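Undergrad: Take a look at this one; I'll ask things after.
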Amino acid sequence: EFYMAYADYNILMDMTEELLRTIVKKVKGSLQFTITSTEGNETKEIQLDFEKPFQRIDMIEELEKHVGKLPPLEDTPEVAATLQKLCEEKKVDVPPPKTVARMLDKLVGSFVEPMCVQPTFLMNHPQVMSPLAKWHRSKPGQVERFELFINCLEYLNAYTELNAPMVQRDLFLDQLKQKDQNDDEAMDYDDTFCQALEYGLPPTAGWGLGVDRLTMLLTNQPTIREVLLFPLMKPQDTTTDASTPASQVPSGQV
């Protein structure tokens with residue numbers, strides 16, 4: 001994860017494309033390569049092409065092509081009711097809590113993310129889904145954010161950083177409302193962060209890449225455990241006997 005001063009999400013999209021092309025060329029020897037994809041009991045080969053310009057999809061514009069015109073995407077009971085009815089009509093399952101952000105996320109997952117097989121920037125998220133990103137300079141209700149998808153899986157998240165402390169405070173308060181609805185993914189209120197913004201943050205863009213997922217992709221591994229340096233689910237032999245030195249007994253089992 002890194003931050004770049006005097007940059008925005010457009011600069012980071014161009015940098016991301018250049019960076020990944022360089023990595024893929026170095027590791028695979030070509031900008032086109034094949035991966036094995038498994039869905040249920042079906043396994044298929046997918047040819048990925050990093051040489052072509054990455055596809056760029058406006059999230060809300062594309063979603064509206066599939067589900068019709070959406071209301072202004074604000075976190076209100078009226079918008080929530082509209083989206084819940086839409087999810088029911090489109091047979092999109094949304095486990096509780098049915099917040100505006102969660103329903104939008106499920107709708108995008110059902111109708112837009114399946115289009116992201118080749119390297120794709122899914123961009124311009126709704127503000128209600130992006131509490132740390134800066135508002136879009138020309139699209140009301142949206143923010144300057146993008147995610148990179150490859151084979152319908154997210155690899156990267158980046159955005160123009162919100163550097164207005166009062167706006168950030170209001171967005172944190174909106175997140176607390178979602179927490180009150182038992183949304184575990186909603187962010188906590190961070191007043192220290194808001195105080196830091198009051199001292200001044202220049203125009204900045206933030207970027208984070210899932211290195212483990214990228215390693216999976218380049219080595220064609222089916223699970224993330226195969227590429228973790230310190231697997232969290234590593235098997236342990238928990239049996240001990242009187243001949244086992246205390247120094248070799250797993251911690252917490254003495």
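A note on labels: chains of the structure tokens are A, B, ... as shown, every chain counts residues from 1, and ligands are counted from 1 in their shown order.
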Show which residues sit within 9 Å of Phe121 (chain A), as number ranges by chain. Count only C-alpha atoms, and ignore same-chain residues fewer than 3 positions away.

TA: A: 13, 54-58, 116, 146-149

Undergrad: Quick one: residues within 8 Å of region 92-97 of chain A, only C-alpha atoms counted, chain neighbours fewer than 4 positions away excluded, as a PyMOL selection string?

TA: chain A and resi 87-88+102-103+106-107+110+181-183

Undergrad: So the first atom is CA of Asp212 (chain A) and the second is CA of Tyr9 (chain A); what is the distance between them in Å, to one decimal place?

TA: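 A separation of 22.8 Å between them.
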
Undergrad: Tell me, as number ranges by chain, which residues lie within 9 Å of Tyr6 (chain A), counting only C-alpha atoms; anything in the same chain fewer than 5 positions away does not count.

TA: A: 202-205

Undergrad: Taking only C-alpha atoms into account, which of A:Arg21, A:Phe172, A:Lys179, A:Val117 comes nearest Thr192 (chain A)?

TA: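 Closest to Thr192 (chain A), using only C-alpha atoms: A:Phe172.
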
Undergrad: Which residue out of A:Gln168, A:Thr215, A:Gln178, A:Gln84 has the minimum interatomic distance to Ile23 (chain A) when only C-alpha atoms are used?

TA: A:Thr215

Undergrad: Set the distance at 12 Å and use only C-alpha atoms: which residues neighbour Thr76 (chain A) once local chain neighbours fewer than 6 positions away are removed? I'd like the list as a ChimeraX atom specification.

TA: /A:82-83,98-101,128,174,177-178

Undergrad: Mind dumping the selected residues with N, CA and C atoms as a compact mmCIF listing (two decimals), in the first residue's frame?

TA:
```
# COMPACT_ATOMS: atom_id res chain seq x y z
N THR A 82 -36.12 1.15 -2.27
CA THR A 82 -36.08 1.00 -3.73
C THR A 82 -35.09 -0.10 -4.14
N LEU A 83 -33.91 -0.09 -3.53
CA LEU A 83 -32.90 -1.09 -3.87
C LEU A 83 -33.32 -2.49 -3.41
N LYS A 98 -29.63 -5.14 5.21
CA LYS A 98 -29.82 -4.69 3.83
C LYS A 98 -29.58 -3.18 3.75
N THR A 99 -28.33 -2.78 3.91
CA THR A 99 -27.98 -1.37 3.79
C THR A 99 -27.84 -1.01 2.32
N VAL A 100 -27.86 0.28 2.03
CA VAL A 100 -27.71 0.74 0.65
C VAL A 100 -26.39 0.26 0.07
N ALA A 101 -25.31 0.39 0.83
CA ALA A 101 -24.00 -0.01 0.35
C ALA A 101 -23.94 -1.50 0.05
N VAL A 128 -21.57 6.41 -1.07
CA VAL A 128 -22.07 5.63 0.06
C VAL A 128 -21.26 4.34 0.27
N ASP A 174 -21.92 8.72 9.07
CA ASP A 174 -22.79 7.87 8.25
C ASP A 174 -22.42 6.40 8.41
N LYS A 177 -24.01 4.92 11.46
CA LYS A 177 -25.41 4.55 11.25
C LYS A 177 -25.51 3.14 10.67
N GLN A 178 -24.57 2.81 9.74
CA GLN A 178 -24.57 1.47 9.18
C GLN A 178 -24.17 0.43 10.23
```

Undergrad: My list of candidates is A:Glu17, A:Glu185, A:Asp190, A:Glu226. Which is closest to Arg213 (chain A) when distances are computed with only C-alpha atoms?

TA: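 Of the candidates, the smallest distance to Arg213 (chain A) is held by A:Glu226.
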
Undergrad: If I take CA of Pro222 (chain A) and CA of Val108 (chain A), how far is one from the other in Å, to one decimal?

TA: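 It comes out at 24.3 Å.
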
Undergrad: Can you measure CA of Phe111 (chain A) to CA of Ile60 (chain A) for me? One decimal in Å is fine.

TA: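 Value for the CA of Phe111 (chain A)-CA of Ile60 (chain A) distance: 10.9 Å.
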
Undergrad: Please build the interface table for region 103-161 of chain A against region 35-45 of chain A with a cut-off of 12 Å, listing for each qualifying residue the nearest atom pair and the distance in Å to one decimal; count only C-alpha atoms, order rows by chain and increasing number, and write it as JSON lines.

TA:
```
{"residue": "A:Val117", "atom": "CA", "partner": "A:Ser37", "partner_atom": "CA", "distance": 10.8}
{"residue": "A:Gln118", "atom": "CA", "partner": "A:Ile35", "partner_atom": "CA", "distance": 11.6}
{"residue": "A:Ile150", "atom": "CA", "partner": "A:Ile35", "partner_atom": "CA", "distance": 11.0}
{"residue": "A:Asn151", "atom": "CA", "partner": "A:Ser37", "partner_atom": "CA", "distance": 8.3}
{"residue": "A:Cys152", "atom": "CA", "partner": "A:Ser37", "partner_atom": "CA", "distance": 10.6}
{"residue": "A:Leu153", "atom": "CA", "partner": "A:Ser37", "partner_atom": "CA", "distance": 11.2}
```

Undergrad: Please produce a file of the residues just selected, as a PDB file, in the first residue's frame, where the atoms kept are N, CA and C atoms.

TA:
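File produced: result05.pdb:
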```pdb
ATOM      1  N   VAL A 117     -13.390 -10.180 -16.847  1.00  0.00           N
ATOM      2  CA  VAL A 117     -12.494 -11.335 -16.988  1.00  0.00           C
ATOM      3  C   VAL A 117     -11.092 -10.863 -17.360  1.00  0.00           C
ATOM      4  N   GLN A 118     -10.977 -10.090 -18.420  1.00  0.00           N
ATOM      5  CA  GLN A 118      -9.697  -9.488 -18.764  1.00  0.00           C
ATOM      6  C   GLN A 118      -9.406  -8.348 -17.770  1.00  0.00           C
ATOM      7  N   ILE A 150      -9.500  -9.021 -12.265  1.00  0.00           N
ATOM      8  CA  ILE A 150      -8.975  -9.959 -13.255  1.00  0.00           C
ATOM      9  C   ILE A 150      -9.670 -11.288 -13.013  1.00  0.00           C
ATOM     10  N   ASN A 151     -10.232 -11.871 -14.059  1.00  0.00           N
ATOM     11  CA  ASN A 151     -11.009 -13.105 -13.937  1.00  0.00           C
ATOM     12  C   ASN A 151     -12.080 -12.949 -12.861  1.00  0.00           C
ATOM     13  N   CYS A 152     -12.734 -11.784 -12.853  1.00  0.00           N
ATOM     14  CA  CYS A 152     -13.862 -11.465 -11.964  1.00  0.00           C
ATOM     15  C   CYS A 152     -13.479 -11.431 -10.490  1.00  0.00           C
ATOM     16  N   LEU A 153     -12.200 -11.290 -10.186  1.00  0.00           N
ATOM     17  CA  LEU A 153     -11.716 -11.240  -8.806  1.00  0.00           C
ATOM     18  C   LEU A 153     -10.985  -9.925  -8.578  1.00  0.00           C
TER      19      LEU A 153
END
```

Undergrad: Smallest atom-to-atom distance to Arg169 (chain A): which of A:Pro72, A:Pro140, A:Gly200, A:Pro131, using only C-alpha atoms?

TA: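 Smallest separation from Arg169 (chain A) among the options: A:Pro131.
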
Undergrad: Could you check the closest approach to Thr22 (chain A) for each of A:Met59, A:Gly208, A:Phe50, A:Trp135 and tell me which residue wins, using only C-alpha atoms?

TA: A:Phe50
